[in-house]
Number of protein chains: 2
Amino acid sequence: MSENSRPGAAFIAPEGFRPDFSKGLVPCIAQDADSGEVLMLAYLNAQAWDLSLESGEAHYWSRSRKCLWHKGEKSGNVQKLRAIRLDCDSDTVLFLIEQIGDAACHTGRRSCFYRELTRHGLEICAPQLFDPNKVYSGEKK
Amino acid sequence: MSENSRPGAAFIAPEGFRPDFSKGLVPCIAQDADSGEVLMLAYLNAQAWDLSLESGEAHYWSRSRKCLWHKGEKSGNVQKLRAIRLDCDSDTVLFLIEQIGDAACHTGRRSCFYRELTRHGLEICAPQLFDPNKVYSGEKK
């Protein structure tokens with residue numbers, strides 16, 4: 001058990017399964033565990049990592065607000081963690097999640113990656129699901 | 001057409017479809033366009049972005065080697081770009097790719113994210129497909 005895993009935590013990380021925070025924040029991809037759709041990328045510091053494992057819900061470090069960010073804390077659109085993957089260099093994290101409320105993006109779309117360029121041109125590949133002004137304010141990475 | 005798209009380029013980016021490089025490197029997720037599997041995360045600078053759009057194959061900036069990196073240049077395991085997505089803040093890129101040679105990870109695995117923690121414990125979720133020592137040396141992000 002690593003130093004940050006406590007009895008009762010949602011996820012118990014074995015020794016060595018921890019991002020390398022020695023160079024600062026670590027990027028974290030949130031992917032829909034069922035559809036495989038990549039929904040967003042945010043950043044973790046050690047405390048956000050610990051809280052995510054402890055609670056089973058995604059916590060990030062907001063670079064714009066410079067504070068811990070429990071994703072969905074205002075909107076209710078939390079991200080339930082199904083699994084956590086760590087890359088070969090331990091400098092990137094992949095959260096496999098269940099997105100509550102359907103939309104991960106502060107623009108009201110399911111995914112932040114809603115603009116897609118192909119060889120045929122640009123398309124909007126994720127429709128707007130709600131008006132963000134009616135759901136929350138201020139919650140943004 | 002943006003300033004970096006030339007006639008004959010694989011992808012022609014319209015005005016505004018360009019990552020914001022003003023704060024430095026931009027993270028870029030490589031996702032298998034067919035299976036949805038997230039294979040790796042690397043970084044782009046402006047030149048890597050331009051070369052990727054121009055050639056239709058993923059180019060990154062190697063942080064460890066401090067040079068442009070045409071992924072697969074040594075191993076032949078290039079990443080053919082099917083589509084390019086940009087997130088809401090234009091500070092993260094998603095490449096939807098066809099991975100030539102099956103493995104994206106320098107460890108010889110399909111994905112760099114081969115370690116998965118669930119509530120049941122840790123598992124290796126991507127088997128080793130080849131011995132990296134026999135395929136290439138020195139190609140590593």
# chains A, B, ... in the order shown; residues from 1 in each chain; ligands from 1

call {"tool": "closest_atom_pairs", "arguments": {"of": "chain B", "to": "chain A", "cutoff": "10 Å", "atoms": "only C-alpha atoms", "output": "CSV"}}
result
residue,atom,partner,partner_atom,distance
B:Ala9,CA,A:Arg119,CA,9.3
B:Ala10,CA,A:Arg119,CA,6.5
B:Phe11,CA,A:Arg119,CA,5.3
B:Ile12,CA,A:Gly121,CA,7.1
B:Ala13,CA,A:Leu117,CA,7.1
B:Pro14,CA,A:Leu122,CA,7.5
B:Phe17,CA,A:Leu117,CA,8.4
B:Pro27,CA,A:Pro27,CA,8.0
B:Cys28,CA,A:Leu41,CA,9.7
B:Ile29,CA,A:Ile29,CA,8.2
B:Gln31,CA,A:Val38,CA,8.5
B:Ser35,CA,A:Gly36,CA,8.0
B:Gly36,CA,A:Gly36,CA,5.2
B:Glu37,CA,A:Gly36,CA,6.8
B:Val38,CA,A:Val38,CA,8.3
B:Leu39,CA,A:Asp87,CA,9.2
B:Met40,CA,A:Asp87,CA,7.6
B:Leu41,CA,A:Thr92,CA,7.2
B:Ala42,CA,A:Thr92,CA,9.4
B:Leu53,CA,A:Arg119,CA,9.7
B:Gly56,CA,A:Arg119,CA,9.2
B:Leu81,CA,A:Thr118,CA,8.7
B:Arg82,CA,A:Thr118,CA,6.5
B:Ala83,CA,A:Thr118,CA,4.7
B:Ile84,CA,A:Leu117,CA,5.1
B:Arg85,CA,A:Glu116,CA,4.4
B:Leu86,CA,A:Phe113,CA,5.4
B:Asp87,CA,A:Phe113,CA,4.2
B:Cys88,CA,A:Cys112,CA,5.2
B:Asp89,CA,A:Cys112,CA,8.2
B:Ser90,CA,A:Phe113,CA,9.2
B:Asp91,CA,A:Leu41,CA,9.4
B:Thr92,CA,A:Leu41,CA,7.2
B:Val93,CA,A:Phe113,CA,8.0
B:Leu94,CA,A:Phe113,CA,7.4
B:Phe95,CA,A:Glu116,CA,9.6
B:Leu96,CA,A:Glu116,CA,9.6
B:Cys105,CA,A:Cys88,CA,7.8
B:His106,CA,A:Cys88,CA,8.5
B:Thr107,CA,A:Cys88,CA,7.7
B:Arg109,CA,A:Cys88,CA,9.6
B:Ser111,CA,A:Asp87,CA,8.2
B:Cys112,CA,A:Asp87,CA,4.9
B:Phe113,CA,A:Asp87,CA,4.2
B:Tyr114,CA,A:Asp87,CA,6.6
B:Arg115,CA,A:Arg85,CA,5.4
B:Glu116,CA,A:Arg85,CA,4.4
B:Leu117,CA,A:Ile84,CA,5.1
B:Thr118,CA,A:Ala83,CA,4.6
B:Arg119,CA,A:Phe11,CA,5.3
B:His120,CA,A:Phe11,CA,8.2
B:Gly121,CA,A:Ile12,CA,7.1
B:Leu122,CA,A:Pro14,CA,7.5
B:Glu123,CA,A:Arg85,CA,9.5
B:Ile124,CA,A:Arg85,CA,9.6
B:Cys125,CA,A:Arg85,CA,9.1
B:Lys141,CA,A:Asp89,CA,9.3

call {"tool": "select_by_dssp", "arguments": {"residues": "stretch 13-73 of chain A", "states": "strand (DSSP E)", "output": "ChimeraX atom specification"}}
result
/A:26-32,38-44,59-62,67-70

call {"tool": "write_last_selection", "arguments": {"atoms": "N, CA and C atoms", "output": "mmCIF file, in the first residue's frame"}}
result
data_model
loop_
_atom_site.group_PDB
_atom_site.id
_atom_site.type_symbol
_atom_site.label_atom_id
_atom_site.label_comp_id
_atom_site.auth_asym_id
_atom_site.auth_seq_id
_atom_site.Cartn_x
_atom_site.Cartn_y
_atom_site.Cartn_z
ATOM 1 N N VAL A 26 0.754 16.967 -13.343
ATOM 2 C CA VAL A 26 0.747 15.829 -14.260
ATOM 3 C C VAL A 26 -0.565 15.852 -15.045
ATOM 4 N N PRO A 27 -0.501 15.770 -16.386
ATOM 5 C CA PRO A 27 -1.745 15.762 -17.164
ATOM 6 C C PRO A 27 -2.547 14.492 -16.926
ATOM 7 N N CYS A 28 -3.853 14.653 -16.917
ATOM 8 C CA CYS A 28 -4.757 13.533 -16.650
ATOM 9 C C CYS A 28 -5.884 13.564 -17.681
ATOM 10 N N ILE A 29 -5.978 12.501 -18.453
ATOM 11 C CA ILE A 29 -7.015 12.358 -19.477
ATOM 12 C C ILE A 29 -8.236 11.718 -18.832
ATOM 13 N N ALA A 30 -9.417 12.261 -19.089
ATOM 14 C CA ALA A 30 -10.658 11.623 -18.645
ATOM 15 C C ALA A 30 -11.345 11.007 -19.857
ATOM 16 N N GLN A 31 -11.518 9.684 -19.809
ATOM 17 C CA GLN A 31 -12.106 8.941 -20.921
ATOM 18 C C GLN A 31 -13.360 8.234 -20.444
ATOM 19 N N ASP A 32 -14.411 8.292 -21.242
ATOM 20 C CA ASP A 32 -15.647 7.572 -20.912
ATOM 21 C C ASP A 32 -15.348 6.071 -20.868
ATOM 22 N N VAL A 38 -12.849 10.334 -25.468
ATOM 23 C CA VAL A 38 -12.011 11.190 -24.629
ATOM 24 C C VAL A 38 -12.786 12.473 -24.351
ATOM 25 N N LEU A 39 -12.996 12.764 -23.076
ATOM 26 C CA LEU A 39 -13.882 13.872 -22.713
ATOM 27 C C LEU A 39 -13.132 15.161 -22.399
ATOM 28 N N MET A 40 -11.994 15.037 -21.759
ATOM 29 C CA MET A 40 -11.270 16.248 -21.358
ATOM 30 C C MET A 40 -9.865 15.878 -20.909
ATOM 31 N N LEU A 41 -9.051 16.889 -20.738
ATOM 32 C CA LEU A 41 -7.750 16.730 -20.091
ATOM 33 C C LEU A 41 -7.626 17.814 -19.035
ATOM 34 N N ALA A 42 -7.231 17.392 -17.833
ATOM 35 C CA ALA A 42 -6.996 18.362 -16.765
ATOM 36 C C ALA A 42 -5.675 17.970 -16.092
ATOM 37 N N TYR A 43 -5.390 18.581 -14.952
ATOM 38 C CA TYR A 43 -4.076 18.365 -14.324
ATOM 39 C C TYR A 43 -4.248 17.911 -12.877
ATOM 40 N N LEU A 44 -3.295 17.100 -12.449
ATOM 41 C CA LEU A 44 -3.272 16.593 -11.079
ATOM 42 C C LEU A 44 -2.038 17.124 -10.354
ATOM 43 N N HIS A 59 -10.742 14.418 -8.934
ATOM 44 C CA HIS A 59 -10.313 15.715 -8.424
ATOM 45 C C HIS A 59 -9.120 16.162 -9.257
ATOM 46 N N TYR A 60 -9.076 17.446 -9.579
ATOM 47 C CA TYR A 60 -7.972 17.986 -10.362
ATOM 48 C C TYR A 60 -7.402 19.214 -9.659
ATOM 49 N N TRP A 61 -6.310 19.710 -10.243
ATOM 50 C CA TRP A 61 -5.798 21.016 -9.846
ATOM 51 C C TRP A 61 -6.161 21.993 -10.955
ATOM 52 N N SER A 62 -6.925 23.005 -10.623
ATOM 53 C CA SER A 62 -7.295 24.009 -11.617
ATOM 54 C C SER A 62 -6.146 24.984 -11.795
ATOM 55 N N CYS A 67 -6.496 26.239 -7.577
ATOM 56 C CA CYS A 67 -7.058 25.576 -6.400
ATOM 57 C C CYS A 67 -7.443 24.152 -6.766
ATOM 58 N N LEU A 68 -7.667 23.340 -5.740
ATOM 59 C CA LEU A 68 -8.186 22.003 -5.963
ATOM 60 C C LEU A 68 -9.574 22.114 -6.565
ATOM 61 N N TRP A 69 -9.901 21.156 -7.405
ATOM 62 C CA TRP A 69 -11.147 21.207 -8.171
ATOM 63 C C TRP A 69 -11.781 19.829 -8.153
ATOM 64 N N HIS A 70 -12.827 19.703 -7.358
ATOM 65 C CA HIS A 70 -13.626 18.477 -7.384
ATOM 66 C C HIS A 70 -14.579 18.620 -8.564
#

call {"tool": "closest_residue", "arguments": {"among": "B:Ala33, B:Ala103, B:Ala48, B:Ala126", "to": "B:Gly76", "atoms": "only C-alpha atoms"}}
result
B:Ala103

call {"tool": "select_by_dssp", "arguments": {"residues": "chain A", "states": "helix (DSSP H, G or I)", "output": "ChimeraX atom specification"}}
result
/A:46-55,132-135

call {"tool": "atom_distance", "arguments": {"atom1": "atom CA of A:Leu129", "atom2": "atom CA of B:Phe21"}}
result
29.2 Å

call {"tool": "atom_distance", "arguments": {"atom1": "atom CA of A:Gln47", "atom2": "atom CA of B:Asp20"}}
result
27.7 Å

call {"tool": "decode", "arguments": {"residues": "stretch 2-32 of chain A", "atoms": "C-alpha atoms", "output": "mmCIF file, in the first residue's frame"}}
result
data_model
loop_
_atom_site.group_PDB
_atom_site.id
_atom_site.type_symbol
_atom_site.label_atom_id
_atom_site.label_comp_id
_atom_site.auth_asym_id
_atom_site.auth_seq_id
_atom_site.Cartn_x
_atom_site.Cartn_y
_atom_site.Cartn_z
ATOM 1 C CA SER A 2 1.439 3.368 -0.922
ATOM 2 C CA GLU A 3 1.785 6.178 1.541
ATOM 3 C CA ASN A 4 -1.366 7.848 0.288
ATOM 4 C CA SER A 5 -3.784 4.932 0.410
ATOM 5 C CA ARG A 6 -5.838 4.585 3.548
ATOM 6 C CA PRO A 7 -8.184 1.794 4.603
ATOM 7 C CA GLY A 8 -11.621 2.626 3.275
ATOM 8 C CA ALA A 9 -10.272 4.415 0.218
ATOM 9 C CA ALA A 10 -12.076 3.672 -3.050
ATOM 10 C CA PHE A 11 -8.781 2.692 -4.705
ATOM 11 C CA ILE A 12 -5.784 1.207 -2.934
ATOM 12 C CA ALA A 13 -2.637 1.935 -4.932
ATOM 13 C CA PRO A 14 0.205 -0.558 -4.580
ATOM 14 C CA GLU A 15 3.736 0.696 -4.053
ATOM 15 C CA GLY A 16 5.024 2.362 -7.201
ATOM 16 C CA PHE A 17 1.623 3.134 -8.702
ATOM 17 C CA ARG A 18 1.800 6.859 -8.293
ATOM 18 C CA PRO A 19 2.446 9.664 -10.779
ATOM 19 C CA ASP A 20 5.806 11.380 -10.694
ATOM 20 C CA PHE A 21 5.018 14.841 -9.375
ATOM 21 C CA SER A 22 8.683 15.834 -9.110
ATOM 22 C CA LYS A 23 8.419 18.099 -12.175
ATOM 23 C CA GLY A 24 5.088 19.645 -11.216
ATOM 24 C CA LEU A 25 1.559 19.009 -12.380
ATOM 25 C CA VAL A 26 0.747 15.829 -14.260
ATOM 26 C CA PRO A 27 -1.745 15.762 -17.164
ATOM 27 C CA CYS A 28 -4.757 13.533 -16.650
ATOM 28 C CA ILE A 29 -7.015 12.358 -19.477
ATOM 29 C CA ALA A 30 -10.658 11.623 -18.645
ATOM 30 C CA GLN A 31 -12.106 8.941 -20.921
ATOM 31 C CA ASP A 32 -15.647 7.572 -20.912
#
